[in-house]
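Asks: The structure's right below; bear with me while I get my questions together.
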Amino acid sequence: MPPTVPMLTYDPLDPATLADPYPRLAALRETKPVFWHEGMRSWALTRYADCVAVLRDHTRFARDRRRMGAEVPEPSLSVQSMDPPQQAPVRSLFMNALRAQDLDAIEVRARKLLAARFDQLSGRAEFDVMAEIAAPLSVAVISDLLGVDEPDHGSFAQVSDAIMRSMDGGLDPSVVEPGRIARQELSMLVESWFLTSGRPGLLSHVREHARHASDAGLDRFVRNTARVMFQGGYSTMVAAIGNAVHSLLQNPHALQRMRDTDLLRSGVDELIRYDGPVQGTSRIATETCQIGGVTVTAGETVTVLFAAANHDPAQFPDPGRLLLDRSPNRHLGYGWGTHACIGTVPAQMALRALVSSLVEHAAPLKAAAEPQRRRAATMRAFDVLPAAFHPETGVHR
């Protein structure tokens, strides 16, 4: 008899998976591309084509759990939790407000902030990229975009962390209640912005145009979406910056190549594909159907694993290489379609500002110690990413 082959499993919180999820996801994609995950109580998809098929099909795969009879608390109803056509007015309102902002000016201010911060950090033997670059940059950019005063960094980071960890509630129920409390705190902050903030920005544009909307119930969705955009934009940006810096530390030649403005734009996009922040999203099957030869019953949850799809060689040749000019690059790092992250544009802008600032700085950034990954399944991020600028090595111009 042939030797028994051990059953492949996927534990997103296993230290080896946190360090590098891609080999295990590749093995699953080859042997069991659609598999049932008991911990998540969900079917998990690893192939790009299957993932996109689910994300495209709003009729058979619902994001809005109310469509299958679930009760969804009102604070959770936002552009990210609703489906078309109900989602359309809110998404249109925010996307129009985003296009109305002077994003180039925000990027310039972000680069000035980074230049000043890099000068402050240059004399340090070691610093934490997450706490001293990623978090301050992210809160500054998202506050600048919305047109609100920056919240206290320390207290807001705790609120954001609780919300982010609560996304893993299916794997760890203990994080659900702290997340609910944190959302309440953030909702109060957002409400204060709607009542008092008069600064120009995305929020004032949304507030002004929402007044003229014909849907009287739109206001509650607008406030919830503002909360989701601020917190989600911040936490995703922090994670993306950390992952991007780590990738560039491992591929130092890539940073210098991104002096080329064309490679800067495509390279930032590739950094998100290569090691993106959001690992997946879920949908509920509204009818019994087939996915990848597996029967999914109506009412069952399907988890689209972005991390696996973005490394599918059928879509991305040589997926384990960081190819700055990769084209086409239709990755799922920001989601897909009407549920794609509405903060995609500012996230790309912040990453461009970061990479440009690192290239222009007098001393190269080097790893200073072993980084520590955050123990989280939905959001791939670092807790600590030690680094330092090394002026003695110089930069090859």
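Letters A, B, ... mark the chains of the structure tokens in the order given; residue numbers begin at 1 per chain; ligand numbers begin at 1, in order shown.
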Taking the DSSP secondary structure from the backbone, can you list the residues of stretch 204-298 of chain A that are strand (DSSP E or B), as a ChimeraX atom specification?

Replies: /A:278,280-285,289-291,294-296

Asks: Write the residues of the preceding selection, restricted to C-alpha atoms, as a CSV table (one decimal), in the first residue's frame.

Replies:
chain,number,residue,atom,x,y,z
A,278,VAL,CA,-6.3,42.0,3.7
A,280,GLY,CA,-9.8,37.5,2.5
A,281,THR,CA,-13.5,38.3,2.6
A,282,SER,CA,-16.7,36.3,2.9
A,283,ARG,CA,-20.0,35.9,1.1
A,284,ILE,CA,-23.1,33.8,1.8
A,285,ALA,CA,-24.5,31.5,-0.9
A,289,CYS,CA,-24.5,26.0,-6.5
A,290,GLN,CA,-21.2,24.5,-7.7
A,291,ILE,CA,-17.8,26.2,-7.1
A,294,VAL,CA,-17.8,21.4,-4.9
A,295,THR,CA,-21.4,21.8,-4.0
A,296,VAL,CA,-22.1,24.8,-1.8

Asks: Please identify all polymer residues within 10 Å of A:Asn243, counting only C-alpha atoms, omitting same-chain residues fewer than 4 positions from it, and present them as a short mmCIF file (atom, residue, chain, number, x, y, z; two decimals) with N, CA and C atoms, in the first residue's frame.

Replies:
data_model
loop_
_atom_site.label_atom_id
_atom_site.label_comp_id
_atom_site.auth_asym_id
_atom_site.auth_seq_id
_atom_site.Cartn_x
_atom_site.Cartn_y
_atom_site.Cartn_z
N MET A 130 6.38 50.35 12.33
CA MET A 130 4.93 50.35 12.50
C MET A 130 4.46 51.53 13.36
N MET A 237 -4.06 50.72 5.72
CA MET A 237 -2.88 51.48 5.30
C MET A 237 -1.67 51.14 6.18
N VAL A 238 -1.89 51.06 7.49
CA VAL A 238 -0.80 50.72 8.41
C VAL A 238 -0.23 49.34 8.04
N ALA A 239 -1.13 48.37 7.84
CA ALA A 239 -0.67 47.02 7.51
C ALA A 239 0.04 46.99 6.16
N SER A 247 8.89 43.99 2.48
CA SER A 247 9.22 43.44 1.16
C SER A 247 10.40 44.18 0.54
N LEU A 248 10.44 45.51 0.71
CA LEU A 248 11.54 46.29 0.15
C LEU A 248 12.85 46.04 0.89
N LEU A 249 12.76 45.78 2.20
CA LEU A 249 13.98 45.42 2.94
C LEU A 249 14.55 44.10 2.45
N LEU A 271 3.51 45.59 -4.93
CA LEU A 271 3.78 45.34 -3.52
C LEU A 271 2.53 44.85 -2.80
N ILE A 272 1.37 45.38 -3.19
CA ILE A 272 0.11 44.94 -2.59
C ILE A 272 -0.22 43.52 -3.01
N TYR A 274 1.98 41.24 -3.91
CA TYR A 274 3.03 40.37 -3.41
C TYR A 274 2.82 39.99 -1.95
N ASP A 275 2.43 40.94 -1.13
CA ASP A 275 2.18 40.64 0.30
C ASP A 275 1.19 41.68 0.82
N GLY A 276 -0.07 41.48 0.47
CA GLY A 276 -1.10 42.45 0.79
C GLY A 276 -1.60 42.36 2.21
N PRO A 277 -2.32 43.40 2.66
CA PRO A 277 -2.80 43.42 4.05
C PRO A 277 -4.04 42.57 4.31
N ARG A 373 5.24 39.35 13.57
CA ARG A 373 3.94 39.40 12.91
C ARG A 373 2.82 39.49 13.95
N ARG A 380 -3.22 40.90 7.53
CA ARG A 380 -1.81 40.51 7.63
C ARG A 380 -0.98 41.75 7.94
N ALA A 381 -0.40 41.79 9.12
CA ALA A 381 0.31 42.98 9.55
C ALA A 381 1.42 42.61 10.51
N PHE A 382 2.28 43.57 10.75
CA PHE A 382 3.33 43.41 11.75
C PHE A 382 2.92 44.10 13.04
N LEU A 385 8.25 46.10 13.55
CA LEU A 385 9.13 45.96 12.39
C LEU A 385 10.36 46.86 12.62
#

Asks: Can you list, as a list in words, all residues belonging to stretch 313-384 of chain A that DSSP tags as helix (DSSP H, G or I)?

Replies: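 Listing helix (DSSP H, G or I) positions across stretch 313-384 of chain A yields Gly337, Thr338, His339, Thr344, Val345, Pro346, Ala347, Gln348, Met349, Ala350, Leu351, Arg352, Ala353, Leu354, Val355, Ser356, Ser357, Leu358, Val359 and Glu360 of chain A.
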
Asks: I'd like a table as a Markdown table: residues in stretch 302-382 of chain A with an atom no more than 9 Å from stretch 156-169 of chain A, each row giving the shortest atom pair and its distance in Å to one decimal, only C-alpha atoms counted, sorted by chain and rising residue number.

Replies:
| residue | atom | partner | partner_atom | distance |
| --- | --- | --- | --- | --- |
| A:Arg375 | CA | A:Arg165 | CA | 8.8 |
| A:Ala376 | CA | A:Arg165 | CA | 6.5 |
| A:Ala377 | CA | A:Asp168 | CA | 6.2 |
| A:Thr378 | CA | A:Asp168 | CA | 6.3 |
| A:Met379 | CA | A:Met164 | CA | 7.3 |

Asks: Write the residues of the preceding selection, restricted to C-alpha atoms, as a JSON list (two decimals), in the first residue's frame.

Replies:
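Wrote result_26.json, looks like this:
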[["chain", "number", "residue", "atom", "x", "y", "z"],
["A", 375, "ARG", "CA", -1.48, 37.23, 15.46],
["A", 376, "ALA", "CA", -4.44, 37.97, 13.20],
["A", 377, "ALA", "CA", -6.08, 36.07, 10.37],
["A", 378, "THR", "CA", -8.03, 38.65, 8.37],
["A", 379, "MET", "CA", -5.43, 41.42, 8.35]]

Asks: Find the residues near A:Met258: any atom within 10 Å, counting only C-alpha atoms, skip ones fewer than 6 places away on the same chain, and give them as a list in words.

Replies: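 Listing them by chain and then by number gives Leu264, Arg265, Ser266, Gly267, Val268, Leu324, Arg352, Val355, Ser356 and Val359 of chain A.
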
Asks: So that each row is one residue of stretch 206-309 of chain A with an atom at most 8 Å from stretch 171-195 of chain A, can you give its shortest atom pair and the distance in Å to one decimal, using only C-alpha atoms, rows by chain and rising number, as a Markdown table?

Replies:
| residue | atom | partner | partner_atom | distance |
| --- | --- | --- | --- | --- |
| A:Arg207 | CA | A:Phe194 | CA | 7.3 |
| A:Arg223 | CA | A:Val190 | CA | 7.1 |
| A:Asn224 | CA | A:Ser187 | CA | 7.4 |
| A:Ala226 | CA | A:Val190 | CA | 7.1 |
| A:Arg227 | CA | A:Val190 | CA | 6.1 |

Asks: For A:Ala388, which residue among A:Thr261, A:Ser122, A:Ser76, A:Gln250 is the nearest when counting only C-alpha atoms?

Replies: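 Looking at the shortest contact to A:Ala388, the residue is A:Ser122.
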
Asks: Measure the distance from atom CA of A:Arg47 to atom CA of A:Asp11 in Å and round it to one decimal.

Replies: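 One can read the atom CA of A:Arg47 to atom CA of A:Asp11 distance as 17.9 Å.
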
Asks: Which neighbours of stretch 197-205 of chain A fall inside 6 Å, counting only C-alpha atoms, when residues of the same chain fewer than 3 positions from it are skipped, and could you give them as JSON, numbers by chain?

Replies: {"A": [97, 145, 146, 147, 193, 208]}

Asks: Hey, which of A:Tyr234, A:Asp219, A:Leu103, A:Tyr48 ends up closest to A:Arg330? Count only C-alpha atoms.

Replies: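 Looking at the shortest contact to A:Arg330, the residue is A:Tyr48.
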
Asks: So, with only C-alpha atoms as the atoms that count, which of A:Glu132, A:Val222, A:Gln256, A:Val141 lies closest to A:Gln120?

Replies: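 For A:Gln120, the nearest of the given residues is A:Glu132.
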
Asks: Excluding A:Val245 and its own-chain neighbours fewer than 4 positions away, which residues fall within 10 Å of it when counting only C-alpha atoms? Please give them as a list in words.

Replies: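 What passes the distance filter is Val129, Met130, Ala134, Ala240, Ile241, Leu249, Gln250, Asn251, Pro252, Leu255, Leu271, Leu351, Leu354, Val355, Leu358, Leu365, Lys366, Ala367, Leu385 and Ala387 of chain A.
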
Asks: Write a file of the just-selected residues containing N, CA and C atoms, as a PDB file, in the first residue's frame.

Replies:
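Output saved as result_34.pdb:
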ATOM      1  N   VAL A 129       9.147  50.643  12.597  1.00  0.00           N
ATOM      2  CA  VAL A 129       8.480  51.196  11.416  1.00  0.00           C
ATOM      3  C   VAL A 129       6.977  51.320  11.641  1.00  0.00           C
ATOM      4  N   MET A 130       6.382  50.354  12.328  1.00  0.00           N
ATOM      5  CA  MET A 130       4.935  50.351  12.505  1.00  0.00           C
ATOM      6  C   MET A 130       4.465  51.531  13.359  1.00  0.00           C
ATOM      7  N   ALA A 134       4.462  53.958   9.969  1.00  0.00           N
ATOM      8  CA  ALA A 134       3.191  53.495   9.395  1.00  0.00           C
ATOM      9  C   ALA A 134       1.984  54.136  10.065  1.00  0.00           C
ATOM     10  N   ALA A 240      -0.508  47.707   5.179  1.00  0.00           N
ATOM     11  CA  ALA A 240       0.090  47.725   3.840  1.00  0.00           C
ATOM     12  C   ALA A 240       1.475  48.359   3.863  1.00  0.00           C
ATOM     13  N   ILE A 241       1.627  49.435   4.631  1.00  0.00           N
ATOM     14  CA  ILE A 241       2.934  50.097   4.729  1.00  0.00           C
ATOM     15  C   ILE A 241       3.960  49.156   5.358  1.00  0.00           C
ATOM     16  N   LEU A 249      12.765  45.781   2.198  1.00  0.00           N
ATOM     17  CA  LEU A 249      13.976  45.425   2.940  1.00  0.00           C
ATOM     18  C   LEU A 249      14.547  44.101   2.450  1.00  0.00           C
ATOM     19  N   GLN A 250      13.655  43.213   2.033  1.00  0.00           N
ATOM     20  CA  GLN A 250      14.107  41.916   1.507  1.00  0.00           C
ATOM     21  C   GLN A 250      14.540  42.006   0.047  1.00  0.00           C
ATOM     22  N   ASN A 251      14.100  43.056  -0.645  1.00  0.00           N
ATOM     23  CA  ASN A 251      14.421  43.253  -2.065  1.00  0.00           C
ATOM     24  C   ASN A 251      14.945  44.675  -2.262  1.00  0.00           C
ATOM     25  N   PRO A 252      16.134  45.004  -1.722  1.00  0.00           N
ATOM     26  CA  PRO A 252      16.616  46.390  -1.741  1.00  0.00           C
ATOM     27  C   PRO A 252      16.808  46.967  -3.144  1.00  0.00           C
ATOM     28  N   LEU A 255      13.681  49.016  -4.487  1.00  0.00           N
ATOM     29  CA  LEU A 255      13.470  50.396  -4.051  1.00  0.00           C
ATOM     30  C   LEU A 255      14.189  51.371  -4.978  1.00  0.00           C
ATOM     31  N   LEU A 271       3.514  45.586  -4.930  1.00  0.00           N
ATOM     32  CA  LEU A 271       3.777  45.340  -3.518  1.00  0.00           C
ATOM     33  C   LEU A 271       2.528  44.847  -2.803  1.00  0.00           C
ATOM     34  N   LEU A 351       1.436  54.972  -0.150  1.00  0.00           N
ATOM     35  CA  LEU A 351       2.561  54.097  -0.467  1.00  0.00           C
ATOM     36  C   LEU A 351       3.519  54.754  -1.456  1.00  0.00           C
ATOM     37  N   LEU A 354       5.530  57.168   0.520  1.00  0.00           N
ATOM     38  CA  LEU A 354       6.512  56.462   1.346  1.00  0.00           C
ATOM     39  C   LEU A 354       7.711  56.013   0.513  1.00  0.00           C
ATOM     40  N   VAL A 355       7.445  55.344  -0.608  1.00  0.00           N
ATOM     41  CA  VAL A 355       8.538  54.826  -1.432  1.00  0.00           C
ATOM     42  C   VAL A 355       9.381  55.974  -1.968  1.00  0.00           C
ATOM     43  N   LEU A 358      11.567  57.277   0.793  1.00  0.00           N
ATOM     44  CA  LEU A 358      12.678  56.364   1.108  1.00  0.00           C
ATOM     45  C   LEU A 358      13.773  56.475   0.050  1.00  0.00           C
ATOM     46  N   LEU A 365      17.336  52.556   4.276  1.00  0.00           N
ATOM     47  CA  LEU A 365      16.708  51.883   5.412  1.00  0.00           C
ATOM     48  C   LEU A 365      17.147  50.419   5.433  1.00  0.00           C
ATOM     49  N   LYS A 366      17.521  49.941   6.609  1.00  0.00           N
ATOM     50  CA  LYS A 366      17.963  48.555   6.774  1.00  0.00           C
ATOM     51  C   LYS A 366      17.200  47.904   7.920  1.00  0.00           C
ATOM     52  N   ALA A 367      17.016  46.589   7.820  1.00  0.00           N
ATOM     53  CA  ALA A 367      16.416  45.850   8.932  1.00  0.00           C
ATOM     54  C   ALA A 367      17.348  45.918  10.136  1.00  0.00           C
ATOM     55  N   LEU A 385       8.251  46.101  13.553  1.00  0.00           N
ATOM     56  CA  LEU A 385       9.134  45.964  12.391  1.00  0.00           C
ATOM     57  C   LEU A 385      10.360  46.861  12.617  1.00  0.00           C
ATOM     58  N   ALA A 387      13.843  48.727  12.322  1.00  0.00           N
ATOM     59  CA  ALA A 387      14.676  49.163  11.201  1.00  0.00           C
ATOM     60  C   ALA A 387      15.527  50.340  11.646  1.00  0.00           C
TER      61      ALA A 387
END

Asks: Could you tell me how far atom CA of A:Ser81 sits from atom CA of A:Ala340, in Å to one decimal place?

Replies: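 Interatomic distance here is 11.4 Å.
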